[in-house]
Amino acid sequence: MLRLLLIYIKLLSIQIRSQMQYRVSFLLEVISTALLNGMYFASLALVLERFGQIAGWKLGEIAFLAGMAETSFATMDMLFSGFDPDGFSPMVRLGRFDQILLRPINITLQVFGSRFIIRRLGRILEGVTILVISFALTDIQWTIGKMLYLPVVFISQVIAMGSLFVVGGTLIFWTVQPIEAVNIVTYGGTELMTYPMNIYPGWIQRFFTYVIPFVFMNFYPALYFLNKPDPLNFPSFAPFLSPFAALSMLLLAMVFWRFGINHYQSTGS
Amino acid sequence: MQFFWRLVSVSFRQETTYRTAMWAGLATNLFFGLLKAALITALYAGKGEVNALSFGGAITFVGLTQALIAFHRLFGSTDLMTTVYSGQVATDLLRPVGLYPFWMARELGRSLFNLMGRGILYMVFFRMFFPLQFPCSLLQWMTFMISVSLAWFVSFSWNFLVNLVSFWTTDGRGVARIAYTLSQFLSGFIMPLALLPDWFSRLCSWTPFPAIVNTPVEVYLGMHHGSELIWLLVLQVVWFLVLAGVGHLVLQAGLRRLVIQGG
């Protein structure tokens with residue numbers, strides 16, 4: 001296990017060193033990424049200047065949803081980008097996945113360490129900034145429980161979104177080309193998490209509850225942190241389902257990934 | 001001119017080969033359209049009208065902007081940039097037509113296909129989930145057609161100008177990313193300008209970007225009449241001429257320092 005961790009760290013450090021070669025360009029990229037992603041939240045904040053609230057959620061409360069979703073998605077995008085269908089597709093198409101199979105190191109670990117984009121730090125920076133704005137605008141009654149649960153929710157979100165990347169990456173074994181529908185659930189799912197769940201039509205809510213349990217990742221934990229009543233009338237333990245939902249998603253994704261590797265046929269290139 | 005239309009039709013037919021991509025794009029635009037429409041519904045919360053934009057109008061605004069994404073290439077394009085970095089531009093410069101009309105023809109062909117495939121078809125699908133408003137007179141339809149065509153020219157000349165940055169820097173894509181996010185934000189694509197604070201939309205109106213999205217959609221909804229309407233259309237023409245003029249000058253300057261690497 002320790003050996004695997006050391007290999008992983010080594011794989012990452014190679015990429016970090018190569019990406020840090022152009023320091024000024026790196027810094028500019030981080031800052032511009034932060035500002036660009038921040039523009040979407042800024043436009044929402046501007047609209048709220050006219051409307052005041054969305055379904056009973058004020059700017060600070062929406063900022064909690066947006067800040068959490070942005071921070072976790074960006075962290076996931078950094079850690080799981082080896083599985084990102086857009087990056088994994090050329091890997092399979094060009095036969096680089098065959099090289100991975102030949103090496104005497106765990107396959108999953110190699111894919112994990114194959115792509116690590118530190119430019120994504122910019123979006124993490126943006127997410128954290130929005131979260132700080134949220135803490136400033138709302139008065140969350142912090143308890144020991146809440147303080148301990150916040151990192152759990154964050155990790156759960158990263159795992160849940162990452163599982164979708166793993167599934168999307170696995171599909172590449174059959175399709176070679178990335179499937180656009182996967183983007184709808186990954187990028188679309190993150191966008192969906194930015195707003196309170198009860199604004200969506202019933203079928204979207206049900207899909208993101210029973211098929212992809214994103215509702216337990218951000219919306220329910222947010223109700224708990226912000227002491228808001230539940231408009232969807234779920235049992236009172238719903239805010240605490242996020243780690244369980246995330247782990248089951250990861251488990252299923254990994255089973256599918258194993259299945260995919262066993263059925264992998266090289267493209268021959 | 002005949003050559004121009006030949007190019008348009010070739011590019012149109014080229015685009016018809018990517019039908020799977022068309023359906024995929026349509027599905028993605030539809031999902032994001034649904035999310036945004038849900039957001040608008042929650043914001044209005046039963047209000048009939050906000051700052052002269054009716055609730056039905058705002059929903060139509062969302063549908064129409066999503067339908068225009070592919071036609072106007074609102075997320076931007078880096079095709080010309082790619083040819084500068086690959087050296088393909090050298091071949092394109094040898095053609096019996098200038099680089100500006102050459103790219104305009106290619107983009108026009110592609111956009112005309114997307115007008116049907118991702119525009120009109122999109123509105124049909126969007127209509128299944130949300131009620132849409134339609135222009136209520138022939139005159140309103142005609143002014144919309146004029147306005148959306150002018151908007152295409154403004155959008156094209158903006159995208160072309162952004163691509164020209166590749167003549168000066170090897171990191172043109174980074175610049176393009178910033179430029180296109182800015183134009184999406186200020187054009188009213190992310191949110192209708194009528195719903196943003198007055199000081200902000202006034203700020204936007206000093207830029208060419210509302211002429212790409214906000215103007216044609218507001219014309220479609222019949223929010224402007226008489227001399228105000230004519231002024232908006234004239235403004236679109238002015239912005240096209242300004243951007244195309246600047247684009248032309250920058251292109252000449254860029255061509256003078258263009259170095260093609262290798263072969």
# chains A, B, ... in the order shown; residues from 1 in each chain; ligands from 1

call {"tool": "interface_residues", "arguments": {"of": "chain A", "to": "chain B", "cutoff": "10 Å", "atoms": "only C-alpha atoms", "output": "mmCIF file with N, CA and C atoms, in the first residue's frame"}}
result
data_model
loop_
_atom_site.group_PDB
_atom_site.id
_atom_site.type_symbol
_atom_site.label_atom_id
_atom_site.label_comp_id
_atom_site.auth_asym_id
_atom_site.auth_seq_id
_atom_site.Cartn_x
_atom_site.Cartn_y
_atom_site.Cartn_z
ATOM 1 N N SER A 25 3.632 32.010 -16.721
ATOM 2 C CA SER A 25 2.484 31.531 -17.483
ATOM 3 C C SER A 25 1.554 30.702 -16.589
ATOM 4 N N LEU A 28 -0.418 33.116 -14.301
ATOM 5 C CA LEU A 28 -1.452 33.809 -15.072
ATOM 6 C C LEU A 28 -2.631 32.887 -15.349
ATOM 7 N N GLU A 29 -2.317 31.618 -15.661
ATOM 8 C CA GLU A 29 -3.381 30.648 -15.956
ATOM 9 C C GLU A 29 -4.251 30.413 -14.732
ATOM 10 N N SER A 32 -6.380 33.569 -14.194
ATOM 11 C CA SER A 32 -7.442 33.748 -15.190
ATOM 12 C C SER A 32 -8.514 32.668 -15.046
ATOM 13 N N THR A 33 -8.107 31.425 -14.715
ATOM 14 C CA THR A 33 -9.100 30.364 -14.495
ATOM 15 C C THR A 33 -10.030 30.738 -13.346
ATOM 16 N N LEU A 35 -10.782 33.763 -12.245
ATOM 17 C CA LEU A 35 -11.662 34.872 -12.618
ATOM 18 C C LEU A 35 -12.762 34.420 -13.577
ATOM 19 N N LEU A 36 -12.381 33.568 -14.549
ATOM 20 C CA LEU A 36 -13.359 33.124 -15.540
ATOM 21 C C LEU A 36 -14.494 32.353 -14.890
ATOM 22 N N ASN A 37 -14.133 31.381 -14.037
ATOM 23 C CA ASN A 37 -15.181 30.608 -13.385
ATOM 24 C C ASN A 37 -15.982 31.477 -12.429
ATOM 25 N N MET A 39 -16.880 34.425 -12.935
ATOM 26 C CA MET A 39 -17.791 35.274 -13.696
ATOM 27 C C MET A 39 -19.234 34.738 -13.633
ATOM 28 N N TYR A 40 -19.385 33.396 -13.628
ATOM 29 C CA TYR A 40 -20.726 32.817 -13.585
ATOM 30 C C TYR A 40 -21.403 33.130 -12.257
ATOM 31 N N ALA A 42 -20.593 35.639 -10.357
ATOM 32 C CA ALA A 42 -20.798 37.090 -10.338
ATOM 33 C C ALA A 42 -22.106 37.462 -11.025
ATOM 34 N N SER A 43 -22.412 36.795 -12.149
ATOM 35 C CA SER A 43 -23.645 37.153 -12.861
ATOM 36 C C SER A 43 -24.866 36.759 -12.027
ATOM 37 N N LEU A 44 -24.744 35.642 -11.291
ATOM 38 C CA LEU A 44 -25.843 35.235 -10.416
ATOM 39 C C LEU A 44 -26.033 36.249 -9.288
ATOM 40 N N ALA A 45 -24.901 36.698 -8.733
ATOM 41 C CA ALA A 45 -24.966 37.682 -7.649
ATOM 42 C C ALA A 45 -25.616 38.973 -8.138
ATOM 43 N N LEU A 46 -25.297 39.357 -9.391
ATOM 44 C CA LEU A 46 -25.875 40.578 -9.956
ATOM 45 C C LEU A 46 -27.382 40.431 -10.148
ATOM 46 N N VAL A 47 -27.818 39.255 -10.611
ATOM 47 C CA VAL A 47 -29.248 39.020 -10.808
ATOM 48 C C VAL A 47 -29.968 39.071 -9.456
ATOM 49 N N LEU A 48 -29.304 38.532 -8.431
ATOM 50 C CA LEU A 48 -29.930 38.517 -7.109
ATOM 51 C C LEU A 48 -30.079 39.921 -6.526
ATOM 52 N N GLU A 49 -29.296 40.866 -7.078
ATOM 53 C CA GLU A 49 -29.440 42.252 -6.638
ATOM 54 C C GLU A 49 -30.843 42.750 -6.973
ATOM 55 N N ARG A 50 -31.403 42.234 -8.082
ATOM 56 C CA ARG A 50 -32.743 42.633 -8.494
ATOM 57 C C ARG A 50 -33.832 41.802 -7.817
ATOM 58 N N PHE A 51 -33.556 40.487 -7.629
ATOM 59 C CA PHE A 51 -34.607 39.592 -7.142
ATOM 60 C C PHE A 51 -34.549 39.326 -5.631
ATOM 61 N N GLY A 52 -33.358 39.468 -5.024
ATOM 62 C CA GLY A 52 -33.249 39.236 -3.583
ATOM 63 C C GLY A 52 -33.020 37.791 -3.190
ATOM 64 N N GLN A 53 -33.798 36.860 -3.751
ATOM 65 C CA GLN A 53 -33.620 35.457 -3.349
ATOM 66 C C GLN A 53 -34.128 34.490 -4.416
ATOM 67 N N ILE A 54 -33.697 33.225 -4.302
ATOM 68 C CA ILE A 54 -34.195 32.160 -5.178
ATOM 69 C C ILE A 54 -34.862 31.123 -4.288
ATOM 70 N N ALA A 55 -36.153 30.924 -4.427
ATOM 71 C CA ALA A 55 -36.902 29.920 -3.654
ATOM 72 C C ALA A 55 -36.561 29.990 -2.161
ATOM 73 N N GLY A 56 -36.433 31.217 -1.633
ATOM 74 C CA GLY A 56 -36.157 31.369 -0.208
ATOM 75 C C GLY A 56 -34.681 31.292 0.158
ATOM 76 N N ILE A 179 -18.400 10.168 -24.877
ATOM 77 C CA ILE A 179 -19.841 10.306 -25.102
ATOM 78 C C ILE A 179 -20.322 11.593 -24.455
ATOM 79 N N GLU A 180 -20.978 12.396 -25.234
ATOM 80 C CA GLU A 180 -21.421 13.707 -24.765
ATOM 81 C C GLU A 180 -22.388 13.600 -23.583
ATOM 82 N N ALA A 181 -23.216 12.531 -23.570
ATOM 83 C CA ALA A 181 -24.208 12.373 -22.506
ATOM 84 C C ALA A 181 -23.547 12.334 -21.131
ATOM 85 N N VAL A 182 -22.287 11.859 -21.082
ATOM 86 C CA VAL A 182 -21.571 11.803 -19.810
ATOM 87 C C VAL A 182 -21.324 13.223 -19.294
ATOM 88 N N ASN A 183 -21.027 14.133 -20.235
ATOM 89 C CA ASN A 183 -20.825 15.533 -19.831
ATOM 90 C C ASN A 183 -22.074 16.121 -19.198
ATOM 91 N N ILE A 184 -23.238 15.662 -19.659
ATOM 92 C CA ILE A 184 -24.477 16.197 -19.101
ATOM 93 C C ILE A 184 -24.552 15.883 -17.610
ATOM 94 N N VAL A 185 -24.188 14.651 -17.219
ATOM 95 C CA VAL A 185 -24.283 14.332 -15.791
ATOM 96 C C VAL A 185 -23.106 14.878 -14.982
ATOM 97 N N TYR A 187 -20.681 17.692 -15.836
ATOM 98 C CA TYR A 187 -20.693 19.155 -15.818
ATOM 99 C C TYR A 187 -22.085 19.684 -15.481
ATOM 100 N N GLY A 188 -23.114 19.045 -16.115
ATOM 101 C CA GLY A 188 -24.486 19.455 -15.844
ATOM 102 C C GLY A 188 -24.866 19.197 -14.395
ATOM 103 N N GLY A 189 -24.424 18.046 -13.862
ATOM 104 C CA GLY A 189 -24.738 17.699 -12.478
ATOM 105 C C GLY A 189 -24.159 18.705 -11.492
ATOM 106 N N GLU A 191 -23.459 21.899 -12.194
ATOM 107 C CA GLU A 191 -24.245 23.121 -12.362
ATOM 108 C C GLU A 191 -25.558 23.007 -11.576
ATOM 109 N N LEU A 192 -26.160 21.811 -11.665
ATOM 110 C CA LEU A 192 -27.416 21.540 -10.971
ATOM 111 C C LEU A 192 -27.276 21.701 -9.456
ATOM 112 N N TYR A 195 -27.681 25.207 -7.331
ATOM 113 C CA TYR A 195 -28.944 25.840 -6.936
ATOM 114 C C TYR A 195 -29.762 24.882 -6.071
ATOM 115 N N PRO A 196 -30.699 25.428 -5.287
ATOM 116 C CA PRO A 196 -31.531 24.539 -4.465
ATOM 117 C C PRO A 196 -32.308 23.542 -5.326
ATOM 118 N N ASN A 198 -35.116 22.031 -5.080
ATOM 119 C CA ASN A 198 -36.565 22.093 -5.271
ATOM 120 C C ASN A 198 -37.015 23.037 -6.384
ATOM 121 N N ILE A 199 -36.055 23.724 -7.063
ATOM 122 C CA ILE A 199 -36.481 24.576 -8.179
ATOM 123 C C ILE A 199 -36.646 23.768 -9.464
ATOM 124 N N TYR A 200 -36.158 22.505 -9.464
ATOM 125 C CA TYR A 200 -36.172 21.729 -10.704
ATOM 126 C C TYR A 200 -37.459 20.946 -10.869
ATOM 127 N N PRO A 201 -37.816 20.615 -12.128
ATOM 128 C CA PRO A 201 -38.985 19.764 -12.370
ATOM 129 C C PRO A 201 -38.811 18.404 -11.687
ATOM 130 N N ILE A 204 -36.355 15.631 -12.998
ATOM 131 C CA ILE A 204 -34.924 15.907 -12.807
ATOM 132 C C ILE A 204 -34.539 15.610 -11.355
#

call {"tool": "residues_around", "arguments": {"residues": "Pro216 of chain B", "least_positions_apart": "6", "cutoff": "10 Å", "atoms": "only C-alpha atoms", "output": "compact mmCIF listing (two decimals) with C-alpha atoms, in the first residue's frame"}}
result
# COMPACT_ATOMS: atom_id res chain seq x y z
CA LEU B 64 -33.50 31.28 -27.93
CA THR B 65 -30.02 31.93 -26.51
CA THR B 143 -36.99 42.69 -37.98
CA PHE B 144 -35.88 39.63 -36.00
CA MET B 145 -34.45 37.99 -39.14
CA ILE B 146 -32.55 41.19 -39.93
CA SER B 147 -31.32 41.57 -36.37
CA VAL B 148 -30.21 37.95 -35.96
CA SER B 149 -28.35 38.11 -39.30
CA LEU B 150 -26.59 41.31 -38.26
CA ALA B 151 -25.79 39.63 -34.94
CA TRP B 152 -24.13 36.80 -36.84
CA PRO B 210 -25.22 42.92 -26.51
CA GLY B 222 -40.99 42.71 -29.55
CA LEU B 232 -30.62 49.12 -32.19
CA LEU B 233 -30.32 47.72 -35.72
CA GLN B 236 -25.50 46.37 -34.83

call {"tool": "select_by_dssp", "arguments": {"residues": "segment 26-263 of chain B", "states": "strand (DSSP E or B)", "output": "PyMOL selection string"}}
result
chain B and resi 49-50+53-54

call {"tool": "closest_residue", "arguments": {"among": "A:Phe173, A:Phe225, A:Phe216, A:Trp203", "to": "Arg93 of chain A", "atoms": "only C-alpha atoms"}}
result
A:Phe173

call {"tool": "closest_residue", "arguments": {"among": "A:Thr175, A:Thr267, A:Ser72, A:Ser13", "to": "Leu131 of chain A", "atoms": "only C-alpha atoms"}}
result
A:Ser72

call {"tool": "closest_residue", "arguments": {"among": "A:Leu171, A:Ala74, A:Ile105, A:Leu164", "to": "Leu6 of chain A", "atoms": "only C-alpha atoms"}}
result
A:Ile105

call {"tool": "residues_around", "arguments": {"residues": "Leu11 of chain A", "least_positions_apart": "2", "cutoff": "12 Å", "atoms": "only C-alpha atoms", "output": "list in words"}}
result
Leu4, Leu5, Leu6, Ile7, Tyr8, Ile9, Ser13, Ile14, Gln15, Ile16, Arg17, Ser18, Gly82, Ile105, Leu109, Gln110, Val111, Phe112, Gly113, Ser114, Arg115 and Phe116 of chain A

call {"tool": "write_last_selection", "arguments": {"atoms": "N, CA and C atoms", "output": "PDB file, in the first residue's frame"}}
result
ATOM      1  N   LEU A   4       2.504   1.721  -3.285  1.00  0.00           N
ATOM      2  CA  LEU A   4       1.593   2.314  -4.264  1.00  0.00           C
ATOM      3  C   LEU A   4       1.504   3.823  -4.084  1.00  0.00           C
ATOM      4  N   LEU A   5       1.419   4.235  -2.824  1.00  0.00           N
ATOM      5  CA  LEU A   5       1.303   5.660  -2.523  1.00  0.00           C
ATOM      6  C   LEU A   5       2.551   6.402  -3.005  1.00  0.00           C
ATOM      7  N   LEU A   6       3.721   5.769  -2.772  1.00  0.00           N
ATOM      8  CA  LEU A   6       4.972   6.398  -3.191  1.00  0.00           C
ATOM      9  C   LEU A   6       5.036   6.539  -4.704  1.00  0.00           C
ATOM     10  N   ILE A   7       4.568   5.506  -5.406  1.00  0.00           N
ATOM     11  CA  ILE A   7       4.565   5.570  -6.872  1.00  0.00           C
ATOM     12  C   ILE A   7       3.646   6.703  -7.336  1.00  0.00           C
ATOM     13  N   TYR A   8       2.476   6.772  -6.668  1.00  0.00           N
ATOM     14  CA  TYR A   8       1.508   7.816  -7.031  1.00  0.00           C
ATOM     15  C   TYR A   8       2.118   9.204  -6.850  1.00  0.00           C
ATOM     16  N   ILE A   9       2.764   9.409  -5.694  1.00  0.00           N
ATOM     17  CA  ILE A   9       3.383  10.710  -5.425  1.00  0.00           C
ATOM     18  C   ILE A   9       4.451  11.017  -6.466  1.00  0.00           C
ATOM     19  N   SER A  13       4.557  14.175  -8.919  1.00  0.00           N
ATOM     20  CA  SER A  13       5.621  15.171  -8.810  1.00  0.00           C
ATOM     21  C   SER A  13       6.285  15.409 -10.160  1.00  0.00           C
ATOM     22  N   ILE A  14       6.332  14.362 -11.001  1.00  0.00           N
ATOM     23  CA  ILE A  14       6.895  14.551 -12.351  1.00  0.00           C
ATOM     24  C   ILE A  14       6.068  15.597 -13.100  1.00  0.00           C
ATOM     25  N   GLN A  15       4.734  15.425 -13.008  1.00  0.00           N
ATOM     26  CA  GLN A  15       3.858  16.334 -13.756  1.00  0.00           C
ATOM     27  C   GLN A  15       3.884  17.744 -13.189  1.00  0.00           C
ATOM     28  N   ILE A  16       3.940  17.832 -11.853  1.00  0.00           N
ATOM     29  CA  ILE A  16       3.980  19.162 -11.240  1.00  0.00           C
ATOM     30  C   ILE A  16       5.247  19.884 -11.672  1.00  0.00           C
ATOM     31  N   ARG A  17       6.370  19.140 -11.649  1.00  0.00           N
ATOM     32  CA  ARG A  17       7.621  19.783 -12.036  1.00  0.00           C
ATOM     33  C   ARG A  17       7.575  20.266 -13.488  1.00  0.00           C
ATOM     34  N   SER A  18       7.025  19.438 -14.373  1.00  0.00           N
ATOM     35  CA  SER A  18       7.014  19.844 -15.785  1.00  0.00           C
ATOM     36  C   SER A  18       6.066  21.017 -16.006  1.00  0.00           C
ATOM     37  N   GLY A  82      -7.189  11.728 -14.955  1.00  0.00           N
ATOM     38  CA  GLY A  82      -6.738  10.577 -15.738  1.00  0.00           C
ATOM     39  C   GLY A  82      -7.903   9.824 -16.343  1.00  0.00           C
ATOM     40  N   ILE A 105       2.846  -2.428 -12.617  1.00  0.00           N
ATOM     41  CA  ILE A 105       2.291  -1.592 -11.545  1.00  0.00           C
ATOM     42  C   ILE A 105       0.777  -1.567 -11.718  1.00  0.00           C
ATOM     43  N   LEU A 109      -3.957   2.688 -10.577  1.00  0.00           N
ATOM     44  CA  LEU A 109      -3.059   3.709 -10.031  1.00  0.00           C
ATOM     45  C   LEU A 109      -2.365   4.491 -11.144  1.00  0.00           C
ATOM     46  N   GLN A 110      -1.959   3.766 -12.183  1.00  0.00           N
ATOM     47  CA  GLN A 110      -1.279   4.453 -13.292  1.00  0.00           C
ATOM     48  C   GLN A 110      -2.209   5.434 -13.991  1.00  0.00           C
ATOM     49  N   VAL A 111      -3.482   5.022 -14.167  1.00  0.00           N
ATOM     50  CA  VAL A 111      -4.431   5.927 -14.823  1.00  0.00           C
ATOM     51  C   VAL A 111      -4.664   7.144 -13.926  1.00  0.00           C
ATOM     52  N   PHE A 112      -4.773   6.877 -12.625  1.00  0.00           N
ATOM     53  CA  PHE A 112      -4.933   7.963 -11.661  1.00  0.00           C
ATOM     54  C   PHE A 112      -3.811   8.990 -11.788  1.00  0.00           C
ATOM     55  N   GLY A 113      -2.595   8.494 -11.914  1.00  0.00           N
ATOM     56  CA  GLY A 113      -1.441   9.395 -11.924  1.00  0.00           C
ATOM     57  C   GLY A 113      -1.069   9.872 -13.306  1.00  0.00           C
ATOM     58  N   SER A 114      -1.872   9.505 -14.329  1.00  0.00           N
ATOM     59  CA  SER A 114      -1.447   9.802 -15.695  1.00  0.00           C
ATOM     60  C   SER A 114      -1.672  11.254 -16.085  1.00  0.00           C
ATOM     61  N   ARG A 115      -2.543  11.943 -15.384  1.00  0.00           N
ATOM     62  CA  ARG A 115      -2.862  13.316 -15.782  1.00  0.00           C
ATOM     63  C   ARG A 115      -3.216  14.103 -14.534  1.00  0.00           C
ATOM     64  N   PHE A 116      -2.433  15.105 -14.251  1.00  0.00           N
ATOM     65  CA  PHE A 116      -2.661  15.919 -13.059  1.00  0.00           C
ATOM     66  C   PHE A 116      -2.456  17.362 -13.481  1.00  0.00           C
TER      67      PHE A 116
END

call {"tool": "decode", "arguments": {"residues": "segment 104-124 of chain A", "atoms": "N, CA and C atoms", "output": "PDB file, in the first residue's frame"}}
result
ATOM      1  N   PRO A 104       4.509  -3.408 -14.701  1.00  0.00           N
ATOM      2  CA  PRO A 104       4.179  -4.232 -13.524  1.00  0.00           C
ATOM      3  C   PRO A 104       3.656  -3.399 -12.353  1.00  0.00           C
ATOM      4  N   ILE A 105       2.846  -2.428 -12.617  1.00  0.00           N
ATOM      5  CA  ILE A 105       2.291  -1.592 -11.545  1.00  0.00           C
ATOM      6  C   ILE A 105       0.777  -1.567 -11.718  1.00  0.00           C
ATOM      7  N   ASN A 106       0.077  -1.459 -10.614  1.00  0.00           N
ATOM      8  CA  ASN A 106      -1.381  -1.401 -10.617  1.00  0.00           C
ATOM      9  C   ASN A 106      -1.932  -0.473 -11.707  1.00  0.00           C
ATOM     10  N   ILE A 107      -2.850  -1.012 -12.517  1.00  0.00           N
ATOM     11  CA  ILE A 107      -3.361  -0.270 -13.674  1.00  0.00           C
ATOM     12  C   ILE A 107      -4.141   0.983 -13.247  1.00  0.00           C
ATOM     13  N   THR A 108      -5.046   0.789 -12.283  1.00  0.00           N
ATOM     14  CA  THR A 108      -5.879   1.899 -11.825  1.00  0.00           C
ATOM     15  C   THR A 108      -5.009   3.053 -11.326  1.00  0.00           C
ATOM     16  N   LEU A 109      -3.957   2.688 -10.577  1.00  0.00           N
ATOM     17  CA  LEU A 109      -3.059   3.709 -10.031  1.00  0.00           C
ATOM     18  C   LEU A 109      -2.365   4.491 -11.144  1.00  0.00           C
ATOM     19  N   GLN A 110      -1.959   3.766 -12.183  1.00  0.00           N
ATOM     20  CA  GLN A 110      -1.279   4.453 -13.292  1.00  0.00           C
ATOM     21  C   GLN A 110      -2.209   5.434 -13.991  1.00  0.00           C
ATOM     22  N   VAL A 111      -3.482   5.022 -14.167  1.00  0.00           N
ATOM     23  CA  VAL A 111      -4.431   5.927 -14.823  1.00  0.00           C
ATOM     24  C   VAL A 111      -4.664   7.144 -13.926  1.00  0.00           C
ATOM     25  N   PHE A 112      -4.773   6.877 -12.625  1.00  0.00           N
ATOM     26  CA  PHE A 112      -4.933   7.963 -11.661  1.00  0.00           C
ATOM     27  C   PHE A 112      -3.811   8.990 -11.788  1.00  0.00           C
ATOM     28  N   GLY A 113      -2.595   8.494 -11.914  1.00  0.00           N
ATOM     29  CA  GLY A 113      -1.441   9.395 -11.924  1.00  0.00           C
ATOM     30  C   GLY A 113      -1.069   9.872 -13.306  1.00  0.00           C
ATOM     31  N   SER A 114      -1.872   9.505 -14.329  1.00  0.00           N
ATOM     32  CA  SER A 114      -1.447   9.802 -15.695  1.00  0.00           C
ATOM     33  C   SER A 114      -1.672  11.254 -16.085  1.00  0.00           C
ATOM     34  N   ARG A 115      -2.543  11.943 -15.384  1.00  0.00           N
ATOM     35  CA  ARG A 115      -2.862  13.316 -15.782  1.00  0.00           C
ATOM     36  C   ARG A 115      -3.216  14.103 -14.534  1.00  0.00           C
ATOM     37  N   PHE A 116      -2.433  15.105 -14.251  1.00  0.00           N
ATOM     38  CA  PHE A 116      -2.661  15.919 -13.059  1.00  0.00           C
ATOM     39  C   PHE A 116      -2.456  17.362 -13.481  1.00  0.00           C
ATOM     40  N   ILE A 117      -3.558  18.116 -13.558  1.00  0.00           N
ATOM     41  CA  ILE A 117      -3.455  19.464 -14.134  1.00  0.00           C
ATOM     42  C   ILE A 117      -3.509  20.506 -13.019  1.00  0.00           C
ATOM     43  N   ILE A 118      -2.365  21.096 -12.681  1.00  0.00           N
ATOM     44  CA  ILE A 118      -2.377  22.011 -11.537  1.00  0.00           C
ATOM     45  C   ILE A 118      -3.009  23.356 -11.845  1.00  0.00           C
ATOM     46  N   ARG A 119      -3.201  23.643 -13.132  1.00  0.00           N
ATOM     47  CA  ARG A 119      -3.916  24.875 -13.497  1.00  0.00           C
ATOM     48  C   ARG A 119      -5.287  24.917 -12.811  1.00  0.00           C
ATOM     49  N   ARG A 120      -5.865  23.724 -12.547  1.00  0.00           N
ATOM     50  CA  ARG A 120      -7.180  23.635 -11.908  1.00  0.00           C
ATOM     51  C   ARG A 120      -7.217  24.283 -10.526  1.00  0.00           C
ATOM     52  N   LEU A 121      -6.013  24.532  -9.960  1.00  0.00           N
ATOM     53  CA  LEU A 121      -5.940  25.237  -8.680  1.00  0.00           C
ATOM     54  C   LEU A 121      -6.726  26.535  -8.743  1.00  0.00           C
ATOM     55  N   GLY A 122      -6.769  27.134  -9.918  1.00  0.00           N
ATOM     56  CA  GLY A 122      -7.489  28.395 -10.103  1.00  0.00           C
ATOM     57  C   GLY A 122      -8.954  28.256  -9.747  1.00  0.00           C
ATOM     58  N   ARG A 123      -9.556  27.141 -10.195  1.00  0.00           N
ATOM     59  CA  ARG A 123     -10.979  26.960  -9.920  1.00  0.00           C
ATOM     60  C   ARG A 123     -11.197  26.615  -8.444  1.00  0.00           C
ATOM     61  N   ILE A 124     -10.244  25.906  -7.840  1.00  0.00           N
ATOM     62  CA  ILE A 124     -10.350  25.625  -6.404  1.00  0.00           C
ATOM     63  C   ILE A 124     -10.332  26.946  -5.637  1.00  0.00           C
TER      64      ILE A 124
END
